[in-house]
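Engineer: The structure that follows is given in the form of structure tokens.
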Protein chains: 4
Amino acid sequence: MILYNQEMDRILKTAEEKGRQVLPMGTVATYIPELGKADGSKLGICIRTKEGQIFQIGDTDTRFTIQSISKIVSLALAIEICGFETVFDKVGMEPSGEAFNSLVELDLNSNKPFNPMINSGALTISSLLHPELTFKQILEFTRKLCMDPDIQLNEAVYQSEMSHISRNRAIAYLLESKNIIETGVEESLTLYTKMCSLDVTAVSLANLAMVLAAGGVHPETGEQLLRPDTVKVVKTIMLTCGMYDGSGEFAVRVGIPTKSGVGGGLLSVVDGRLGIGVYGPALDAKGNWIAGRPLLEYLSEELKLHIFQ
Amino acid sequence: MILYNQEMDRILKTAEEKGRQVLPMGTVATYIPELGKADGSKLGICIRTKEGQIFQIGDTDTRFTIQSISKIVSLALAIEICGFETVFDKVGMEPSGEAFNSLVELDLNSNKPFNPMINSGALTISSLLHPELTFKQILEFTRKLCMDPDIQLNEAVYQSEMSHISRNRAIAYLLESKNIIETGVEESLTLYTKMCSLDVTAVSLANLAMVLAAGGVHPETGEQLLRPDTVKVVKTIMLTCGMYDGSGEFAVRVGIPTKSGVGGGLLSVVDGRLGIGVYGPALDAKGNWIAGRPLLEYLSEELKLHIFQ
Amino acid sequence: MILYNQEMDRILKTAEEKGRQVLPMGTVATYIPELGKADGSKLGICIRTKEGQIFQIGDTDTRFTIQSISKIVSLALAIEICGFETVFDKVGMEPSGEAFNSLVELDLNSNKPFNPMINSGALTISSLLHPELTFKQILEFTRKLCMDPDIQLNEAVYQSEMSHISRNRAIAYLLESKNIIETGVEESLTLYTKMCSLDVTAVSLANLAMVLAAGGVHPETGEQLLRPDTVKVVKTIMLTCGMYDGSGEFAVRVGIPTKSGVGGGLLSVVDGRLGIGVYGPALDAKGNWIAGRPLLEYLSEELKLHIFQ
Amino acid sequence: MILYNQEMDRILKTAEEKGRQVLPMGTVATYIPELGKADGSKLGICIRTKEGQIFQIGDTDTRFTIQSISKIVSLALAIEICGFETVFDKVGMEPSGEAFNSLVELDLNSNKPFNPMINSGALTISSLLHPELTFKQILEFTRKLCMDPDIQLNEAVYQSEMSHISRNRAIAYLLESKNIIETGVEESLTLYTKMCSLDVTAVSLANLAMVLAAGGVHPETGEQLLRPDTVKVVKTIMLTCGMYDGSGEFAVRVGIPTKSGVGGGLLSVVDGRLGIGVYGPALDAKGNWIAGRPLLEYLSEELKLHIFQ
């Protein structure tokens with residue numbers, strides 16, 4: 001899919017406008033004080049094609065924390081390192097119909113977290129990763145996937161999150177009580193929170209999305225960073241579970257596997273074609289980025305990106 | 001996608017074998033006595049390409065009741081006749097994380113049923129359809145979509161279901177109490193149950209699947225039976241919600257929008273390429289056809305049918 | 001316990017005042033249109049001692065529908081006629097922690113309704129009664145228990161309730177689907193609704209309460225209307241479950257087995273001593289009578305009526 | 001209520017027999033390994049009258065850990081020290097309809113734990129106590145209430161519980177995330193677990209029960225150990241919530257405010273008359289002592305102890 005510059009300029013401009021129209025109705029996440037300092041008027045879009053083209057508009061070089069989008073990286077790594085069966089013996093693959101931080105589902109459904117995109121699932125994934133890899137190794141790999149050697153831990157956000165971690169800590173100990181987390185509750189929490197606190201840009205996310213779109217292959221070096229099977233699983237789970245309890249509607253209206261983060265990032269994978277990264281910290285009531293749906297709905301329609309187009 | 005006869009013969013034979021291996025572990029649905037009379041050893045597969053080719057093996061001319069697969073037809077019709085906004089004002093698009101006949105979700109989540117594939121959603125769809133169309137008109141349209149003029153109401157199954165309808169009746173009155181069903185609770189129940197009691201074959205289902213795969217176009221006459229937008233919505237909802245609380249895992253492992261029915265039918269849509277219809281009344285614990293997953297997992301892999309292949 | 005007239009005049013006057021103070025914050029139930037016609041400023045209190053004394057103040061001769069207080073009569077009758085074991089094989093004795101008309105608890109806890117004071121339990125009780133007794137017989141017995149031969153079915157309320165019965169109908173069919181209601185869903189609904197639509201006064205309720213306080217014996221004729229064991233069960237369930245999900249706090253603060261009804265009635269049984277009937281249709285958010293708690297809290301303290309005083 | 005020795009000997013013997021009959025069907029709690037070492041064939045009953053009489057049979061001098069019965073002591077202390085309003089601003093008074101260690105109720109019902117008898121409520125009570133009193137002070141007071149200066153912390157059980165505390169830790173951090181526990185999650189957990197690990201006997205429990213029966217007064221010294229109002233609240237909550245999700249049935253069948261502990265203890269308060277302490281570590285499926293109900297049902301009937309007798 002070769003996109004033409006002029007055409008893309010027009011399309012990105014319109015997409016940006018669609019997004020800016022709804023920005024005033026959103027609010028920056030404040031449950032972590034440090035996140036509350038973000039500028040809700042920021043907006044940036046970056047598109048990368050499998051062929052290596054790059055298109056961007058707006059605030060694409062602003063750094064922000066990756067937050068829940070890191071669940072994608074962790075899931076992919078866990079499948080690669082621990083194996084599909086080990087991972088999904090501990091975590092399900094089902095959309096939950098509940099909010100991202102619910103404990104109810106986990107307490108009633110005693111075997112395992114519904115999926116790796118909700119906090120209970122992601123904490124379980126962390127507990128599988130921390131005995132295998134150091135944070136430094138995972139950070140290094142994230143930089144590679146994002147083609148962004150400047151990704152760092154945002155220490156201020158990390159500290160702020162660690163001091164507002166009661167609910168995740170409750171979830172993690174509940175997982176331990178059910179033998180889902182077997183070792184290192186505190187280590188799992190620390191790793192999870194560090195992963196959420198990595199500073200990325202819309203461009204880093206577009207790069208990561210492109211690698212996923214390309215079946216795990218680095219478009220420039222041709223290196224196979226992730227196995228095709230891993231990537232297939234990750235994309236499917238992004239589609240069915242990536243937008244929490246709004247995933248179904250997003251799949252219908254946009255039809256692109258997408259993961260959002262409360263830091264304001266959004267990563268979309270158009271399988272076999274494009275990677276999209278967006279930044280904009282104003283969120284809607286479900287914790288998804290408010291400009292995300294109209295903006296991506298427009299791109300999906302204009303560029304025929306829906307899985308069932 | 002042109003498939004070659006010899007190749008397909010071999011593939012279908014292997015798929016049938018994969019299915020037959022697990023048949024002994026399944027059981028025929030018995031909660032409706034009339035369904036309990038089905039022969040659990042039956043197995044039939046039919047594949048139709050968008051180009052009009054047909055491949056089949058096993059019991060593809062056995063008649064069985066369509067059951068929940070009719071939810072696909074009703075949803076498509078409701079979108080066409082009442083409009084997307086009207087339909088989804090009454091029913092959600094979210095996977096529910098709960099069993100197909102749960103009332104819990106509906107009672108806690110007071111606005112609307114999670115999606116049109118669970119009973120509460122399908123009953124709501126029926127309540128939208130019954131003031132607009134007669135059962136005879138809907139039957140006529142179903143015959144057209146399935147290219148099967150011999151589809152009839154199975155009177156014995158219909159009567160049997162009507163005398164075991166307490167739970168659906170409970171759901172329907174709960175919907176009325178929430179003003180989700182606005183008129184005709186009993187009419188909605190009747191229409192819903194009649195739609196479930198239509199006698200189809202694996203070939204009828206493959207035909208219907210092919211129309212969906214072809215964007216709503218009849219492959220022989222070229223007639224636009226359903227609008228492309230309607231078909232896009234239906235396929236997406238099949239993917240995220242079609243296998244109830246096993247939809248997520250099915251999407252990961254098989255990756256083809258699919259809808260099963262307790263009568264033993266299974267309908268899969270490979271977008272832009274194929275329609276698949278399967279028959280086999282032996283079910284697993286979640287009410288999905290037991291041979292379905294291994295059989296379709298094999299076909300998906302062999303023919304590269306996964307959405308993110 | 002002999003009470004002195006002058007003393008009681010003062011106490012009742014103060015109790016009435018305590019009630020009147022909060023009346024303006026309550027609202028008349030409106031979910032049944034006919035109930036919405038009640039006059040929220042009405043207030044009446046009647047106290048009867050086991051020895052036959054009667055004290056009253058305010059609107060004690062106003063007729064109003066008994067509503068959920070009839071659950072007391074039905075439960076007592078069912079125990080007498082069907083036996084303790086039969087009744088509690090179908091209905092539990094546990095406080096539910098949920099609202100009076102919840103379906104969730106029933107759907108998750110598949111065996112039986114939590115208790116006979118919530119709608120699902122009371123409908124089950126009705127299903128046990130209707131094959132044994134005609135409505136006329138039950139009405140006759142209610143008149144006797146209340147020492148009030150003028151109790152009639154309020155036809156307007158009955159009709160109004162029957163046309164707003166979807167939720168109870170949903171509950172009843174759910175009970176049928178679980179084989180808890182075995183015969184006559186519609187008959188059970190009718191009987192239940194008729195029982196709720198009986199017109200009583202604060203005096204009728206005080207009389208009924210006195211019979212319960214006196215272990216089932218009519219204080220004037222000495223007739224054993226209910227067996228002591230039946231009455232013991234009824235009083236205990238009133239204490240633990242009578243005020244729905246506010247029962248626990250009511251037991252702590254007031255400590256008198258009490259049952260309220262949305263029609264504005266309230267019946268309290270001071271075991272071995274007194275029966276209290278109150279009327280006042282202004283309700284609080286939980287569907288309990290708003291003046292009830294302050295008024296009864298005062299009476300409980302002043303007359304030392306708390307079970308653990 | 002003066003009881004006669006000969007009569008009481010016979011009654012206690014029969015009560016012991018009733019208990020011993022069901023012992024074989026129970027099992028010692030094993031979720032804490034140290035508790036699993038208890039001897040399931042032990043059985044001891046002690047009754048103390050308000051007048052100071054003492055009757056006992058069986059293993060009444062065996063030491064065992066008080067476990068959840070300590071919730072009674074903590075609740076009483078918290079009301080005395082922090083005040084009724086402060087305590088019940090943080091914890092409800094409603095029976096929960098759920099198991100003692102459920103998180104569901106707490107997550108859905110966001111304000112506060114249902115009551116102080118379930119773990120979430122008791123942990124909240126601990127968080128109110130730990131800034132006010134040292135463990136040593138509370139231990140001292142417990143010894144006084146139980147008239148047992150030999151009560152000690154059972155170090156082995158305490159250590160065993162601390163290494164199986166994940167679920168309670170999850171609950172405590174969930175409480176912190178909801179601002180119900182405001183300070184010292186780990187301190188609250190430690191205090192709670194220490195209180196559960198106190199070694200008592202059936203006699204200690206009977207003494208404590210007698211103090212509660214006597215309105216907070218020490219029957220020998222006449223000292224007012226707890227205020228009458230505090231004791232009234234505690235007894236009511238024991239009645240409605242003391243036996244977890246079996247409280248309602250226990251109230252109907254036995255009708256005595258009772259609290260059980262998984263260590264095998266059971267404490268019953270016959271208001272104004274008796275205190276009963278029982279020991280027997282064989283438990284039923286709900287975590288209540290298996291011999292408790294038949295034994296107390298017999299005592300309740302024989303001695304007319306039911307609140308509504």
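For the structure tokens, the naming scheme is as follows: chains receive sequential letters (A, B, ...) according to their order of presentation, residues are indexed from 1 within each chain, and ligands are indexed from 1 in presentation order.
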Please, which residues in chain C fall within 6 Å of chain D when counting only C-alpha atoms, and what is the closest atom pair and distance in Å to one decimal for each, ordered by chain then residue number, as a Markdown table?

Structural biologist:
| residue | atom | partner | partner_atom | distance |
| --- | --- | --- | --- | --- |
| C:Met93 | CA | D:Gly248 | CA | 5.2 |
| C:Glu94 | CA | D:Gly248 | CA | 4.3 |
| C:Ser96 | CA | D:Gly97 | CA | 4.8 |
| C:Gly97 | CA | D:Ser96 | CA | 4.8 |
| C:Lys232 | CA | D:Phe308 | CA | 5.6 |
| C:Val233 | CA | D:Val252 | CA | 5.7 |
| C:Thr236 | CA | D:Val252 | CA | 5.7 |
| C:Thr240 | CA | D:Thr240 | CA | 5.9 |
| C:Gly248 | CA | D:Glu94 | CA | 4.3 |
| C:Glu249 | CA | D:Met93 | CA | 5.3 |
| C:Val252 | CA | D:Val233 | CA | 5.6 |
| C:Phe308 | CA | D:Lys232 | CA | 5.6 |

Engineer: I need the residues of stretch 75-283 of chain D that end up classed as strand (DSSP E or B) by DSSP on the backbone, written out as a list in words.

Structural biologist: Leu153, Leu198, Asp199, Val200, Val217, Gln224, Thr258, Lys259, Ser260, Gly265, Leu266, Leu267, Ser268, Val269, Val270, Leu274, Gly275, Ile276, Gly277, Val278, Tyr279, Ala282 and Leu283 of chain D

Engineer: Can you provide chain A as a short mmCIF file (atom, residue, chain, number, x, y, z; two decimals) with C-alpha atoms, in the first residue's frame, superposed onto chain D by least squares across all C-alpha atoms matched in order?

Structural biologist:
data_model
loop_
_atom_site.label_atom_id
_atom_site.label_comp_id
_atom_site.auth_asym_id
_atom_site.auth_seq_id
_atom_site.Cartn_x
_atom_site.Cartn_y
_atom_site.Cartn_z
CA MET A 1 -32.24 -17.42 85.74
CA ILE A 2 -30.98 -19.91 88.28
CA LEU A 3 -30.12 -23.25 86.74
CA TYR A 4 -30.03 -26.42 88.84
CA ASN A 5 -26.93 -28.52 88.79
CA GLN A 6 -28.52 -31.90 88.28
CA GLU A 7 -30.80 -30.64 85.56
CA MET A 8 -27.88 -28.90 83.86
CA ASP A 9 -25.70 -32.01 84.01
CA ARG A 10 -28.31 -33.93 82.07
CA ILE A 11 -28.82 -31.12 79.56
CA LEU A 12 -25.11 -30.63 78.93
CA LYS A 13 -24.63 -34.34 78.47
CA THR A 14 -27.37 -34.48 75.86
CA ALA A 15 -26.02 -31.36 74.15
CA GLU A 16 -22.60 -32.94 73.96
CA GLU A 17 -24.09 -36.09 72.46
CA LYS A 18 -25.98 -34.06 69.81
CA GLY A 19 -22.69 -32.46 68.90
CA ARG A 20 -20.65 -35.65 68.85
CA GLN A 21 -23.12 -37.26 66.46
CA VAL A 22 -22.25 -34.86 63.63
CA LEU A 23 -18.52 -34.45 64.38
CA PRO A 24 -17.50 -37.19 61.92
CA MET A 25 -19.01 -35.20 59.02
CA GLY A 26 -16.92 -32.10 59.70
CA THR A 27 -13.35 -31.28 58.80
CA VAL A 28 -10.72 -29.24 60.55
CA ALA A 29 -9.80 -26.01 58.70
CA THR A 30 -6.66 -26.58 56.69
CA TYR A 31 -6.22 -23.39 54.66
CA ILE A 32 -3.87 -22.29 57.42
CA PRO A 33 -1.55 -25.28 57.88
CA GLU A 34 -1.13 -24.72 61.60
CA LEU A 35 -4.94 -24.93 62.11
CA GLY A 36 -4.94 -28.26 60.33
CA LYS A 37 -3.14 -29.78 63.32
CA ALA A 38 -6.23 -29.44 65.55
CA ASP A 39 -7.94 -32.57 66.81
CA GLY A 40 -11.36 -32.76 65.14
CA SER A 41 -12.74 -35.07 67.82
CA LYS A 42 -12.47 -32.46 70.59
CA LEU A 43 -15.67 -31.04 72.02
CA GLY A 44 -16.25 -28.84 75.05
CA ILE A 45 -19.16 -26.76 76.32
CA CYS A 46 -19.19 -24.14 79.06
CA ILE A 47 -22.20 -22.17 80.30
CA ARG A 48 -22.04 -19.23 82.68
CA THR A 49 -25.07 -17.53 84.14
CA LYS A 50 -25.31 -13.84 84.84
CA GLU A 51 -25.46 -14.80 88.49
CA GLY A 52 -22.02 -16.35 88.26
CA GLN A 53 -22.84 -20.06 88.03
CA ILE A 54 -20.62 -22.18 85.81
CA PHE A 55 -21.46 -25.48 84.07
CA GLN A 56 -19.11 -27.38 81.81
CA ILE A 57 -18.55 -30.64 80.00
CA GLY A 58 -15.84 -32.10 77.75
CA ASP A 59 -12.70 -30.35 76.53
CA THR A 60 -13.24 -26.98 78.11
CA ASP A 61 -9.64 -26.37 79.10
CA THR A 62 -8.09 -27.03 75.68
CA ARG A 63 -6.50 -23.89 74.26
CA PHE A 64 -7.32 -22.93 70.64
CA THR A 65 -7.10 -19.72 68.65
CA ILE A 66 -10.02 -17.35 68.90
CA GLN A 67 -9.96 -16.43 65.18
CA SER A 68 -13.04 -14.51 63.99
CA ILE A 69 -14.56 -14.35 67.46
CA SER A 70 -11.97 -11.66 68.11
CA LYS A 71 -14.00 -9.49 65.70
CA ILE A 72 -16.46 -9.12 68.59
CA VAL A 73 -13.81 -7.75 70.90
CA SER A 74 -12.37 -5.43 68.27
CA LEU A 75 -15.77 -4.10 67.30
CA ALA A 76 -16.70 -3.41 70.91
CA LEU A 77 -13.39 -1.67 71.55
CA ALA A 78 -13.64 0.43 68.39
CA ILE A 79 -17.13 1.65 69.31
CA GLU A 80 -15.96 2.52 72.82
CA ILE A 81 -12.82 4.32 71.70
CA CYS A 82 -13.69 5.86 68.32
CA GLY A 83 -17.43 6.25 68.81
CA PHE A 84 -20.43 4.67 67.11
CA GLU A 85 -20.63 7.26 64.31
CA THR A 86 -16.94 7.05 63.37
CA VAL A 87 -17.03 3.26 63.23
CA PHE A 88 -20.21 3.00 61.18
CA ASP A 89 -19.12 5.75 58.87
CA LYS A 90 -16.44 3.27 57.74
CA VAL A 91 -18.31 -0.05 58.06
CA GLY A 92 -21.93 -0.99 57.42
CA MET A 93 -24.28 -3.04 59.59
CA GLU A 94 -25.88 -5.13 56.86
CA PRO A 95 -25.69 -8.89 56.41
CA SER A 96 -23.91 -9.48 53.15
CA GLY A 97 -25.43 -12.56 51.59
CA GLU A 98 -21.88 -13.53 50.63
CA ALA A 99 -19.02 -15.56 51.98
CA PHE A 100 -16.80 -14.13 54.72
CA ASN A 101 -13.88 -13.36 52.45
CA SER A 102 -15.63 -12.09 49.33
CA LEU A 103 -14.21 -9.08 47.52
CA VAL A 104 -17.09 -8.81 45.09
CA GLU A 105 -19.49 -7.07 47.40
CA LEU A 106 -16.80 -4.57 48.35
CA ASP A 107 -15.87 -3.78 44.79
CA LEU A 108 -19.45 -3.29 43.63
CA ASN A 109 -20.64 -1.57 46.78
CA SER A 110 -17.94 1.05 46.80
CA ASN A 111 -18.64 2.93 50.03
CA LYS A 112 -17.82 0.47 52.75
CA PRO A 113 -17.71 -3.15 53.87
CA PHE A 114 -21.13 -4.63 54.57
CA ASN A 115 -20.45 -5.30 58.27
CA PRO A 116 -17.70 -5.76 60.86
CA MET A 117 -18.03 -9.56 60.95
CA ILE A 118 -16.68 -10.18 57.45
CA ASN A 119 -12.96 -9.81 56.86
CA SER A 120 -13.13 -6.50 55.00
CA GLY A 121 -15.10 -4.98 57.87
CA ALA A 122 -12.85 -6.43 60.55
CA LEU A 123 -9.73 -5.15 58.78
CA THR A 124 -11.29 -1.71 58.69
CA ILE A 125 -12.00 -1.95 62.42
CA SER A 126 -8.33 -2.88 62.94
CA SER A 127 -7.25 0.19 61.00
CA LEU A 128 -9.31 2.32 63.40
CA LEU A 129 -7.85 0.60 66.47
CA HIS A 130 -4.14 0.40 65.69
CA PRO A 131 -3.42 4.13 65.97
CA GLU A 132 -5.28 4.23 69.31
CA LEU A 133 -4.11 1.15 71.18
CA THR A 134 -1.10 -1.14 71.23
CA PHE A 135 -1.61 -4.84 70.73
CA LYS A 136 -0.51 -5.32 74.32
CA GLN A 137 -3.29 -3.03 75.57
CA ILE A 138 -5.90 -4.86 73.50
CA LEU A 139 -4.61 -8.22 74.70
CA GLU A 140 -4.82 -6.99 78.29
CA PHE A 141 -8.42 -5.91 77.76
CA THR A 142 -9.32 -9.21 76.09
CA ARG A 143 -7.97 -11.07 79.10
CA LYS A 144 -10.18 -8.95 81.32
CA LEU A 145 -13.31 -9.49 79.23
CA CYS A 146 -12.62 -13.23 79.17
CA MET A 147 -11.57 -13.33 82.83
CA ASP A 148 -8.61 -15.29 81.63
CA PRO A 149 -5.18 -13.81 82.44
CA ASP A 150 -3.44 -16.68 80.60
CA ILE A 151 -4.51 -15.70 77.09
CA GLN A 152 -1.37 -15.48 74.91
CA LEU A 153 -0.52 -14.97 71.28
CA ASN A 154 -0.14 -18.38 69.64
CA GLU A 155 3.08 -17.66 67.81
CA ALA A 156 2.93 -20.74 65.55
CA VAL A 157 -0.58 -19.99 64.33
CA TYR A 158 0.26 -16.30 63.95
CA GLN A 159 3.28 -17.05 61.77
CA SER A 160 1.33 -19.61 59.76
CA GLU A 161 -1.46 -17.12 59.11
CA MET A 162 0.96 -14.34 58.17
CA SER A 163 2.37 -16.56 55.47
CA HIS A 164 -1.11 -17.28 54.05
CA ILE A 165 -2.42 -13.78 54.14
CA SER A 166 -2.58 -12.87 50.44
CA ARG A 167 -6.34 -12.67 50.27
CA ASN A 168 -6.69 -10.50 53.37
CA ARG A 169 -3.83 -8.36 52.08
CA ALA A 170 -5.71 -7.95 48.80
CA ILE A 171 -8.82 -6.92 50.71
CA ALA A 172 -6.83 -4.46 52.84
CA TYR A 173 -5.24 -2.75 49.83
CA LEU A 174 -8.61 -2.58 48.12
CA LEU A 175 -9.89 -0.83 51.26
CA GLU A 176 -6.95 1.56 51.08
CA SER A 177 -7.68 2.29 47.41
CA LYS A 178 -11.19 3.30 48.46
CA ASN A 179 -9.93 5.44 51.35
CA ILE A 180 -11.71 3.21 53.82
CA ILE A 181 -8.43 2.24 55.43
CA GLU A 182 -6.68 5.56 55.76
CA THR A 183 -3.43 4.64 57.47
CA GLY A 184 -1.32 1.60 58.02
CA VAL A 185 -2.48 -1.25 55.83
CA GLU A 186 0.29 -3.53 57.03
CA GLU A 187 -0.23 -2.53 60.68
CA SER A 188 -3.94 -3.26 60.33
CA LEU A 189 -3.20 -6.68 58.85
CA THR A 190 -0.74 -7.46 61.62
CA LEU A 191 -3.11 -6.39 64.37
CA TYR A 192 -6.00 -8.29 62.80
CA THR A 193 -3.94 -11.45 62.48
CA LYS A 194 -2.56 -11.19 66.01
CA MET A 195 -6.07 -10.79 67.38
CA CYS A 196 -7.12 -13.93 65.48
CA SER A 197 -4.19 -15.84 66.96
CA LEU A 198 -5.04 -15.45 70.65
CA ASP A 199 -5.29 -18.72 72.54
CA VAL A 200 -8.53 -19.09 74.49
CA THR A 201 -10.66 -21.87 75.97
CA ALA A 202 -14.38 -22.60 75.96
CA VAL A 203 -14.42 -21.11 79.44
CA SER A 204 -12.83 -17.84 78.30
CA LEU A 205 -15.50 -17.54 75.62
CA ALA A 206 -18.33 -18.31 78.02
CA ASN A 207 -17.00 -15.57 80.30
CA LEU A 208 -16.86 -13.04 77.47
CA ALA A 209 -20.37 -14.06 76.42
CA MET A 210 -21.61 -13.60 79.96
CA VAL A 211 -20.23 -10.06 80.11
CA LEU A 212 -22.13 -9.29 76.90
CA ALA A 213 -25.27 -10.95 78.28
CA ALA A 214 -24.95 -8.82 81.40
CA GLY A 215 -24.87 -5.55 79.46
CA GLY A 216 -21.11 -5.14 79.76
CA VAL A 217 -20.83 -5.67 83.49
CA HIS A 218 -18.30 -8.05 85.03
CA PRO A 219 -20.51 -10.44 87.04
CA GLU A 220 -18.01 -10.84 89.84
CA THR A 221 -16.51 -7.41 90.30
CA GLY A 222 -19.53 -5.48 89.04
CA GLU A 223 -17.18 -3.38 86.93
CA GLN A 224 -18.72 -1.85 83.79
CA LEU A 225 -16.26 -3.18 81.21
CA LEU A 226 -18.27 -2.08 78.18
CA ARG A 227 -21.06 0.48 77.87
CA PRO A 228 -24.59 -0.95 77.57
CA ASP A 229 -25.08 0.78 74.22
CA THR A 230 -21.92 -0.79 72.81
CA VAL A 231 -23.01 -4.20 73.94
CA LYS A 232 -26.47 -3.74 72.40
CA VAL A 233 -24.93 -2.98 69.03
CA VAL A 234 -22.51 -5.90 69.23
CA LYS A 235 -25.24 -8.39 70.12
CA THR A 236 -27.49 -7.21 67.30
CA ILE A 237 -24.71 -7.50 64.73
CA MET A 238 -23.81 -10.95 66.05
CA LEU A 239 -27.42 -11.99 65.51
CA THR A 240 -27.76 -10.62 61.96
CA CYS A 241 -24.19 -11.18 60.70
CA GLY A 242 -22.32 -13.43 63.11
CA MET A 243 -22.59 -16.66 61.14
CA TYR A 244 -21.73 -15.13 57.74
CA ASP A 245 -24.09 -16.22 54.96
CA GLY A 246 -25.70 -18.73 57.33
CA SER A 247 -26.73 -16.07 59.85
CA GLY A 248 -30.38 -15.90 58.82
CA GLU A 249 -31.01 -19.60 59.17
CA PHE A 250 -29.13 -19.72 62.46
CA ALA A 251 -31.28 -16.87 63.80
CA VAL A 252 -34.43 -18.76 62.85
CA ARG A 253 -33.38 -22.15 64.16
CA VAL A 254 -31.31 -21.17 67.21
CA GLY A 255 -32.18 -17.54 67.82
CA ILE A 256 -29.13 -16.67 69.95
CA PRO A 257 -26.54 -14.06 68.92
CA THR A 258 -23.51 -16.18 68.10
CA LYS A 259 -20.08 -15.81 66.61
CA SER A 260 -17.97 -18.66 65.35
CA GLY A 261 -14.28 -18.90 64.51
CA VAL A 262 -12.42 -21.32 62.26
CA GLY A 263 -10.23 -22.22 65.22
CA GLY A 264 -13.19 -24.17 66.55
CA GLY A 265 -14.65 -21.68 68.98
CA LEU A 266 -18.22 -20.53 69.24
CA LEU A 267 -19.58 -17.84 71.52
CA SER A 268 -23.30 -17.38 72.21
CA VAL A 269 -24.97 -14.64 74.19
CA VAL A 270 -28.37 -15.23 75.73
CA ASP A 271 -29.26 -11.66 76.50
CA GLY A 272 -29.77 -10.96 80.19
CA ARG A 273 -29.26 -14.59 81.10
CA LEU A 274 -26.31 -16.68 79.97
CA GLY A 275 -23.01 -16.82 78.19
CA ILE A 276 -22.09 -19.96 76.27
CA GLY A 277 -18.65 -20.97 75.00
CA VAL A 278 -18.08 -24.04 72.88
CA TYR A 279 -14.97 -25.65 71.45
CA GLY A 280 -14.80 -28.13 68.61
CA PRO A 281 -12.59 -27.60 65.59
CA ALA A 282 -14.52 -29.72 63.08
CA LEU A 283 -16.16 -27.25 60.65
CA ASP A 284 -18.94 -27.42 58.08
CA ALA A 285 -18.74 -26.16 54.49
CA LYS A 286 -19.53 -22.54 55.42
CA GLY A 287 -16.67 -22.39 57.94
CA ASN A 288 -19.00 -22.64 60.92
CA TRP A 289 -18.48 -25.23 63.56
CA ILE A 290 -20.41 -28.35 62.53
CA ALA A 291 -21.53 -29.41 65.98
CA GLY A 292 -22.59 -25.87 66.76
CA ARG A 293 -26.03 -25.80 65.24
CA PRO A 294 -27.47 -29.11 66.50
CA LEU A 295 -25.91 -28.57 69.91
CA LEU A 296 -27.15 -25.00 70.27
CA GLU A 297 -30.49 -25.84 68.67
CA TYR A 298 -30.96 -28.37 71.41
CA LEU A 299 -29.88 -25.99 74.18
CA SER A 300 -32.06 -23.24 72.72
CA GLU A 301 -35.11 -25.46 72.76
CA GLU A 302 -34.45 -27.18 76.06
CA LEU A 303 -33.65 -23.98 77.97
CA LYS A 304 -35.98 -21.70 75.96
CA LEU A 305 -33.18 -19.43 74.80
CA HIS A 306 -34.52 -18.27 71.39
CA ILE A 307 -34.96 -14.47 71.24
CA PHE A 308 -38.59 -15.00 70.22
CA GLN A 309 -39.37 -17.99 72.43
#

Engineer: Give me, as a list in words, the residues of stretch 238-267 of chain A that a backbone DSSP run labels helix (DSSP H, G or I).

Structural biologist: Met238, Leu239, Thr240, Cys241, Tyr244, Asp245, Gly246, Ser247, Gly248, Glu249, Phe250, Ala251, Val252 and Arg253 of chain A
